[in-house]
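Raw contents of work21.cif, mmCIF, N, CA and C atoms:
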```cif
data_final
loop_
_atom_site.group_PDB
_atom_site.id
_atom_site.type_symbol
_atom_site.label_atom_id
_atom_site.label_comp_id
_atom_site.auth_asym_id
_atom_site.auth_seq_id
_atom_site.Cartn_x
_atom_site.Cartn_y
_atom_site.Cartn_z
ATOM 1 N N MET A 20 3.576 94.777 11.030
ATOM 2 C CA MET A 20 3.384 93.540 10.344
ATOM 3 C C MET A 20 1.946 93.072 10.593
ATOM 4 N N ALA A 21 1.290 92.643 9.559
ATOM 5 C CA ALA A 21 -0.100 92.220 9.656
ATOM 6 C C ALA A 21 -0.164 90.739 9.997
ATOM 7 N N GLN A 22 -1.075 90.431 10.870
ATOM 8 C CA GLN A 22 -1.254 89.033 11.230
ATOM 9 C C GLN A 22 -2.484 88.497 10.499
ATOM 10 N N THR A 23 -2.374 87.258 10.026
ATOM 11 C CA THR A 23 -3.514 86.639 9.355
ATOM 12 C C THR A 23 -4.120 85.598 10.279
ATOM 13 N N VAL A 24 -5.408 85.546 10.240
ATOM 14 C CA VAL A 24 -6.141 84.575 11.053
ATOM 15 C C VAL A 24 -6.620 83.472 10.119
ATOM 16 N N ALA A 25 -6.308 82.268 10.473
ATOM 17 C CA ALA A 25 -6.731 81.129 9.649
ATOM 18 C C ALA A 25 -8.238 80.939 9.797
ATOM 19 N N GLN A 26 -8.907 80.868 8.681
ATOM 20 C CA GLN A 26 -10.342 80.643 8.674
ATOM 21 C C GLN A 26 -10.613 79.139 8.745
ATOM 22 N N PRO A 27 -11.565 78.731 9.583
ATOM 23 C CA PRO A 27 -11.880 77.294 9.632
ATOM 24 C C PRO A 27 -12.518 76.848 8.313
ATOM 25 N N THR A 28 -12.108 75.701 7.868
ATOM 26 C CA THR A 28 -12.680 75.147 6.641
ATOM 27 C C THR A 28 -13.423 73.869 6.977
ATOM 28 N N ALA A 29 -14.497 73.668 6.296
ATOM 29 C CA ALA A 29 -15.294 72.459 6.513
ATOM 30 C C ALA A 29 -14.656 71.305 5.752
ATOM 31 N N ALA A 30 -14.454 70.224 6.437
ATOM 32 C CA ALA A 30 -13.869 69.057 5.803
ATOM 33 C C ALA A 30 -14.959 68.341 5.004
ATOM 34 N N ALA A 31 -14.643 68.008 3.785
ATOM 35 C CA ALA A 31 -15.596 67.291 2.931
ATOM 36 C C ALA A 31 -15.712 65.857 3.423
ATOM 37 N N PRO A 32 -16.928 65.324 3.491
ATOM 38 C CA PRO A 32 -17.078 63.930 3.932
ATOM 39 C C PRO A 32 -16.455 62.983 2.915
ATOM 40 N N ALA A 33 -15.885 61.929 3.429
ATOM 41 C CA ALA A 33 -15.272 60.939 2.546
ATOM 42 C C ALA A 33 -16.367 60.215 1.768
ATOM 43 N N PRO A 34 -16.187 60.043 0.479
ATOM 44 C CA PRO A 34 -17.209 59.337 -0.304
ATOM 45 C C PRO A 34 -17.277 57.859 0.081
ATOM 46 N N MET A 35 -18.503 57.321 0.108
ATOM 47 C CA MET A 35 -18.665 55.902 0.409
ATOM 48 C C MET A 35 -18.317 55.098 -0.828
ATOM 49 N N LEU A 36 -17.479 54.159 -0.650
ATOM 50 C CA LEU A 36 -17.061 53.338 -1.763
ATOM 51 C C LEU A 36 -18.015 52.169 -1.953
ATOM 52 N N LEU A 37 -18.243 51.820 -3.190
ATOM 53 C CA LEU A 37 -19.114 50.695 -3.501
ATOM 54 C C LEU A 37 -18.548 49.406 -2.919
ATOM 55 N N LYS A 38 -17.234 49.314 -2.868
ATOM 56 C CA LYS A 38 -16.601 48.118 -2.309
ATOM 57 C C LYS A 38 -16.920 47.951 -0.830
ATOM 58 N N ALA A 39 -17.170 49.039 -0.138
ATOM 59 C CA ALA A 39 -17.502 48.965 1.284
ATOM 60 C C ALA A 39 -18.964 48.608 1.505
ATOM 61 N N ILE A 40 -19.825 48.992 0.587
ATOM 62 C CA ILE A 40 -21.259 48.765 0.749
ATOM 63 C C ILE A 40 -21.698 47.427 0.164
ATOM 64 N N ALA A 41 -21.050 46.965 -0.878
ATOM 65 C CA ALA A 41 -21.484 45.764 -1.604
ATOM 66 C C ALA A 41 -21.621 44.519 -0.720
ATOM 67 N N PRO A 42 -20.661 44.193 0.141
ATOM 68 C CA PRO A 42 -20.845 42.982 0.970
ATOM 69 C C PRO A 42 -22.078 43.059 1.867
ATOM 70 N N TRP A 43 -22.344 44.243 2.419
ATOM 71 C CA TRP A 43 -23.518 44.397 3.281
ATOM 72 C C TRP A 43 -24.804 44.312 2.472
ATOM 73 N N ALA A 44 -24.796 44.874 1.282
ATOM 74 C CA ALA A 44 -25.979 44.802 0.423
ATOM 75 C C ALA A 44 -26.272 43.363 0.029
ATOM 76 N N VAL A 45 -25.241 42.599 -0.292
ATOM 77 C CA VAL A 45 -25.434 41.184 -0.644
ATOM 78 C C VAL A 45 -25.933 40.414 0.569
ATOM 79 N N PHE A 46 -25.351 40.665 1.732
ATOM 80 C CA PHE A 46 -25.764 39.967 2.957
ATOM 81 C C PHE A 46 -27.241 40.212 3.257
ATOM 82 N N PHE A 47 -27.660 41.477 3.257
ATOM 83 C CA PHE A 47 -29.051 41.785 3.566
ATOM 84 C C PHE A 47 -29.994 41.323 2.457
ATOM 85 N N GLY A 48 -29.532 41.319 1.218
ATOM 86 C CA GLY A 48 -30.348 40.796 0.123
ATOM 87 C C GLY A 48 -30.619 39.310 0.286
ATOM 88 N N VAL A 49 -29.578 38.544 0.610
ATOM 89 C CA VAL A 49 -29.743 37.099 0.830
ATOM 90 C C VAL A 49 -30.612 36.852 2.056
ATOM 91 N N LEU A 50 -30.401 37.628 3.103
ATOM 92 C CA LEU A 50 -31.214 37.483 4.313
ATOM 93 C C LEU A 50 -32.691 37.735 4.022
ATOM 94 N N MET A 51 -32.996 38.748 3.237
ATOM 95 C CA MET A 51 -34.386 39.043 2.882
ATOM 96 C C MET A 51 -34.986 37.934 2.024
ATOM 97 N N LEU A 52 -34.195 37.357 1.113
ATOM 98 C CA LEU A 52 -34.701 36.250 0.297
ATOM 99 C C LEU A 52 -34.992 35.022 1.147
ATOM 100 N N VAL A 53 -34.135 34.739 2.120
ATOM 101 C CA VAL A 53 -34.370 33.598 3.014
ATOM 102 C C VAL A 53 -35.631 33.834 3.841
ATOM 103 N N LEU A 54 -35.786 35.041 4.373
ATOM 104 C CA LEU A 54 -36.992 35.345 5.148
ATOM 105 C C LEU A 54 -38.246 35.265 4.288
ATOM 106 N N LEU A 55 -38.156 35.762 3.062
ATOM 107 C CA LEU A 55 -39.295 35.687 2.152
ATOM 108 C C LEU A 55 -39.647 34.232 1.845
ATOM 109 N N TYR A 56 -38.629 33.384 1.676
ATOM 110 C CA TYR A 56 -38.895 31.962 1.438
ATOM 111 C C TYR A 56 -39.631 31.351 2.626
ATOM 112 N N PHE A 57 -39.120 31.589 3.837
ATOM 113 C CA PHE A 57 -39.743 30.961 4.999
ATOM 114 C C PHE A 57 -41.156 31.466 5.237
ATOM 115 N N VAL A 58 -41.394 32.725 4.981
ATOM 116 C CA VAL A 58 -42.741 33.260 5.183
ATOM 117 C C VAL A 58 -43.667 32.827 4.055
ATOM 118 N N GLY A 59 -43.165 32.802 2.825
ATOM 119 C CA GLY A 59 -44.043 32.585 1.690
ATOM 120 C C GLY A 59 -44.126 31.185 1.153
ATOM 121 N N ALA A 60 -43.074 30.362 1.320
ATOM 122 C CA ALA A 60 -43.087 29.081 0.617
ATOM 123 C C ALA A 60 -42.723 27.882 1.471
ATOM 124 N N GLU A 61 -42.366 28.059 2.704
ATOM 125 C CA GLU A 61 -41.944 26.934 3.548
ATOM 126 C C GLU A 61 -43.164 26.150 4.013
ATOM 127 N N GLN A 62 -43.688 25.366 3.094
ATOM 128 C CA GLN A 62 -44.862 24.557 3.410
ATOM 129 C C GLN A 62 -45.077 23.593 2.253
ATOM 130 N N GLY A 63 -45.468 22.408 2.564
ATOM 131 C CA GLY A 63 -45.830 21.459 1.514
ATOM 132 C C GLY A 63 -44.651 20.904 0.744
ATOM 133 N N ALA A 64 -44.748 20.874 -0.588
ATOM 134 C CA ALA A 64 -43.748 20.239 -1.433
ATOM 135 C C ALA A 64 -42.402 20.960 -1.405
ATOM 136 N N THR A 65 -42.385 22.256 -1.137
ATOM 137 C CA THR A 65 -41.123 22.996 -1.123
ATOM 138 C C THR A 65 -40.516 23.091 0.264
ATOM 139 N N SER A 66 -41.021 22.312 1.191
ATOM 140 C CA SER A 66 -40.589 22.394 2.575
ATOM 141 C C SER A 66 -39.158 21.892 2.752
ATOM 142 N N VAL A 67 -38.346 22.659 3.457
ATOM 143 C CA VAL A 67 -36.982 22.259 3.792
ATOM 144 C C VAL A 67 -36.990 21.458 5.086
ATOM 145 N N PHE A 68 -37.818 21.867 6.031
ATOM 146 C CA PHE A 68 -37.918 21.187 7.316
ATOM 147 C C PHE A 68 -39.226 20.418 7.369
ATOM 148 N N SER A 69 -39.181 19.212 7.905
ATOM 149 C CA SER A 69 -40.409 18.423 8.019
ATOM 150 C C SER A 69 -41.224 18.916 9.218
ATOM 151 N N GLY A 70 -42.490 18.641 9.172
ATOM 152 C CA GLY A 70 -43.365 19.056 10.256
ATOM 153 C C GLY A 70 -43.955 20.428 10.001
ATOM 154 N N THR A 71 -44.643 20.930 11.006
ATOM 155 C CA THR A 71 -45.335 22.215 10.859
ATOM 156 C C THR A 71 -44.751 23.295 11.759
ATOM 157 N N ASP A 72 -43.565 23.074 12.301
ATOM 158 C CA ASP A 72 -42.994 24.053 13.232
ATOM 159 C C ASP A 72 -42.753 25.407 12.572
ATOM 160 N N VAL A 73 -42.131 25.413 11.398
ATOM 161 C CA VAL A 73 -41.855 26.676 10.714
ATOM 162 C C VAL A 73 -43.164 27.350 10.326
ATOM 163 N N HIS A 74 -44.118 26.566 9.879
ATOM 164 C CA HIS A 74 -45.421 27.122 9.509
ATOM 165 C C HIS A 74 -46.051 27.844 10.693
ATOM 166 N N GLU A 75 -45.980 27.247 11.854
ATOM 167 C CA GLU A 75 -46.585 27.860 13.035
ATOM 168 C C GLU A 75 -45.847 29.130 13.451
ATOM 169 N N TRP A 76 -44.534 29.174 13.258
ATOM 170 C CA TRP A 76 -43.753 30.355 13.633
ATOM 171 C C TRP A 76 -44.062 31.544 12.723
ATOM 172 N N VAL A 77 -44.341 31.297 11.452
ATOM 173 C CA VAL A 77 -44.535 32.397 10.506
ATOM 174 C C VAL A 77 -45.986 32.525 10.048
ATOM 175 N N HIS A 78 -46.897 31.847 10.723
ATOM 176 C CA HIS A 78 -48.297 31.814 10.309
ATOM 177 C C HIS A 78 -48.915 33.209 10.215
ATOM 178 N N ASP A 79 -48.770 34.010 11.254
ATOM 179 C CA ASP A 79 -49.381 35.337 11.252
ATOM 180 C C ASP A 79 -48.729 36.254 10.226
ATOM 181 N N ALA A 80 -47.424 36.105 10.031
ATOM 182 C CA ALA A 80 -46.736 36.923 9.024
ATOM 183 C C ALA A 80 -47.242 36.583 7.629
ATOM 184 N N ARG A 81 -47.579 35.335 7.391
ATOM 185 C CA ARG A 81 -48.132 34.950 6.087
ATOM 186 C C ARG A 81 -49.429 35.689 5.817
ATOM 187 N N HIS A 82 -50.303 35.702 6.783
ATOM 188 C CA HIS A 82 -51.580 36.383 6.602
ATOM 189 C C HIS A 82 -51.384 37.894 6.475
ATOM 190 N N LEU A 83 -50.474 38.452 7.272
ATOM 191 C CA LEU A 83 -50.218 39.876 7.223
ATOM 192 C C LEU A 83 -49.703 40.301 5.851
ATOM 193 N N LEU A 84 -48.860 39.473 5.221
ATOM 194 C CA LEU A 84 -48.282 39.794 3.918
ATOM 195 C C LEU A 84 -49.132 39.303 2.753
ATOM 196 N N GLY A 85 -50.237 38.639 3.036
ATOM 197 C CA GLY A 85 -51.156 38.229 1.978
ATOM 198 C C GLY A 85 -50.863 36.871 1.355
ATOM 199 N N PHE A 86 -50.020 36.058 1.977
ATOM 200 C CA PHE A 86 -49.752 34.725 1.471
ATOM 201 C C PHE A 86 -50.831 33.771 1.985
ATOM 202 N N PRO A 87 -51.412 32.974 1.121
ATOM 203 C CA PRO A 87 -52.374 31.968 1.578
ATOM 204 C C PRO A 87 -51.631 30.808 2.221
ATOM 205 N N CYS A 88 -52.179 30.275 3.297
ATOM 206 C CA CYS A 88 -51.509 29.120 3.913
ATOM 207 C C CYS A 88 -52.475 28.016 4.299
ATOM 208 N N HIS A 89 -53.763 28.199 4.081
ATOM 209 C CA HIS A 89 -54.681 27.084 4.276
ATOM 210 C C HIS A 89 -55.881 27.257 3.420
#
```
Please lay out the structure from this file as structure tokens.
Amino acid sequence: MAQTVAQPTAAAPAPMLLKAIAPWAVFFGVLMLVLLYFVGAEQGATSVFSGTDVHEWVHDARHLLGFPCH
């Protein structure tokens, strides 16, 4: 009687579902928009917080990204 040896098979990776990625994509998209607002526009008439605290925290990032701030 002949014996058969089972050959190992590679398991196919499970496909990533859009439903699993979408919440994270929305979260990081909103986070990037908030960061872009604070770096680029949080000053003057569009200011959410009064004073210059936010301006001082993101001052160097403004210059690095090419936003004018003074």
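Computed from the coordinates, the atom CA of A:Phe86 to atom N of A:Leu54 distance equals 14.3 Å.
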message = List the spatial neighbours of stretch 73-82 of chain A as a PyMOL selection string - criterion: any atom at most 7 Å away, all atoms listed in the file, same-chain residues fewer than 3 positions off excluded.
response = chain A and resi 57-59+61-62+69-70+85-88
Å distance separating atom N of A:Gly63 from atom C of A:Leu50, one decimal place = 20.0 Å
query = chain A: which residues are alpha helix (DSSP H) by DSSP, as an MDAnalysis selection string?
reply = chainID A and resid 37:59 72:84
Selected residues, N, CA and C atoms, written as a CSV table (one decimal), in the frame of the given file, please.
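Just written: out_6.csv:
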```
chain,number,residue,atom,x,y,z
A,37,LEU,N,-18.2,51.8,-3.2
A,37,LEU,CA,-19.1,50.7,-3.5
A,37,LEU,C,-18.5,49.4,-2.9
A,38,LYS,N,-17.2,49.3,-2.9
A,38,LYS,CA,-16.6,48.1,-2.3
A,38,LYS,C,-16.9,48.0,-0.8
A,39,ALA,N,-17.2,49.0,-0.1
A,39,ALA,CA,-17.5,49.0,1.3
A,39,ALA,C,-19.0,48.6,1.5
A,40,ILE,N,-19.8,49.0,0.6
A,40,ILE,CA,-21.3,48.8,0.7
A,40,ILE,C,-21.7,47.4,0.2
A,41,ALA,N,-21.0,47.0,-0.9
A,41,ALA,CA,-21.5,45.8,-1.6
A,41,ALA,C,-21.6,44.5,-0.7
A,42,PRO,N,-20.7,44.2,0.1
A,42,PRO,CA,-20.8,43.0,1.0
A,42,PRO,C,-22.1,43.1,1.9
A,43,TRP,N,-22.3,44.2,2.4
A,43,TRP,CA,-23.5,44.4,3.3
A,43,TRP,C,-24.8,44.3,2.5
A,44,ALA,N,-24.8,44.9,1.3
A,44,ALA,CA,-26.0,44.8,0.4
A,44,ALA,C,-26.3,43.4,0.0
A,45,VAL,N,-25.2,42.6,-0.3
A,45,VAL,CA,-25.4,41.2,-0.6
A,45,VAL,C,-25.9,40.4,0.6
A,46,PHE,N,-25.4,40.7,1.7
A,46,PHE,CA,-25.8,40.0,3.0
A,46,PHE,C,-27.2,40.2,3.3
A,47,PHE,N,-27.7,41.5,3.3
A,47,PHE,CA,-29.1,41.8,3.6
A,47,PHE,C,-30.0,41.3,2.5
A,48,GLY,N,-29.5,41.3,1.2
A,48,GLY,CA,-30.3,40.8,0.1
A,48,GLY,C,-30.6,39.3,0.3
A,49,VAL,N,-29.6,38.5,0.6
A,49,VAL,CA,-29.7,37.1,0.8
A,49,VAL,C,-30.6,36.9,2.1
A,50,LEU,N,-30.4,37.6,3.1
A,50,LEU,CA,-31.2,37.5,4.3
A,50,LEU,C,-32.7,37.7,4.0
A,51,MET,N,-33.0,38.7,3.2
A,51,MET,CA,-34.4,39.0,2.9
A,51,MET,C,-35.0,37.9,2.0
A,52,LEU,N,-34.2,37.4,1.1
A,52,LEU,CA,-34.7,36.2,0.3
A,52,LEU,C,-35.0,35.0,1.1
A,53,VAL,N,-34.1,34.7,2.1
A,53,VAL,CA,-34.4,33.6,3.0
A,53,VAL,C,-35.6,33.8,3.8
A,54,LEU,N,-35.8,35.0,4.4
A,54,LEU,CA,-37.0,35.3,5.1
A,54,LEU,C,-38.2,35.3,4.3
A,55,LEU,N,-38.2,35.8,3.1
A,55,LEU,CA,-39.3,35.7,2.2
A,55,LEU,C,-39.6,34.2,1.8
A,56,TYR,N,-38.6,33.4,1.7
A,56,TYR,CA,-38.9,32.0,1.4
A,56,TYR,C,-39.6,31.4,2.6
A,57,PHE,N,-39.1,31.6,3.8
A,57,PHE,CA,-39.7,31.0,5.0
A,57,PHE,C,-41.2,31.5,5.2
A,58,VAL,N,-41.4,32.7,5.0
A,58,VAL,CA,-42.7,33.3,5.2
A,58,VAL,C,-43.7,32.8,4.1
A,59,GLY,N,-43.2,32.8,2.8
A,59,GLY,CA,-44.0,32.6,1.7
A,59,GLY,C,-44.1,31.2,1.2
A,72,ASP,N,-43.6,23.1,12.3
A,72,ASP,CA,-43.0,24.1,13.2
A,72,ASP,C,-42.8,25.4,12.6
A,73,VAL,N,-42.1,25.4,11.4
A,73,VAL,CA,-41.9,26.7,10.7
A,73,VAL,C,-43.2,27.4,10.3
A,74,HIS,N,-44.1,26.6,9.9
A,74,HIS,CA,-45.4,27.1,9.5
A,74,HIS,C,-46.1,27.8,10.7
A,75,GLU,N,-46.0,27.2,11.9
A,75,GLU,CA,-46.6,27.9,13.0
A,75,GLU,C,-45.8,29.1,13.5
A,76,TRP,N,-44.5,29.2,13.3
A,76,TRP,CA,-43.8,30.4,13.6
A,76,TRP,C,-44.1,31.5,12.7
A,77,VAL,N,-44.3,31.3,11.5
A,77,VAL,CA,-44.5,32.4,10.5
A,77,VAL,C,-46.0,32.5,10.0
A,78,HIS,N,-46.9,31.8,10.7
A,78,HIS,CA,-48.3,31.8,10.3
A,78,HIS,C,-48.9,33.2,10.2
A,79,ASP,N,-48.8,34.0,11.3
A,79,ASP,CA,-49.4,35.3,11.3
A,79,ASP,C,-48.7,36.3,10.2
A,80,ALA,N,-47.4,36.1,10.0
A,80,ALA,CA,-46.7,36.9,9.0
A,80,ALA,C,-47.2,36.6,7.6
A,81,ARG,N,-47.6,35.3,7.4
A,81,ARG,CA,-48.1,35.0,6.1
A,81,ARG,C,-49.4,35.7,5.8
A,82,HIS,N,-50.3,35.7,6.8
A,82,HIS,CA,-51.6,36.4,6.6
A,82,HIS,C,-51.4,37.9,6.5
A,83,LEU,N,-50.5,38.5,7.3
A,83,LEU,CA,-50.2,39.9,7.2
A,83,LEU,C,-49.7,40.3,5.9
A,84,LEU,N,-48.9,39.5,5.2
A,84,LEU,CA,-48.3,39.8,3.9
A,84,LEU,C,-49.1,39.3,2.8
```
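A straight-line distance of 17.2 Å separates atom C of A:Ser66 from atom C of A:Val49.
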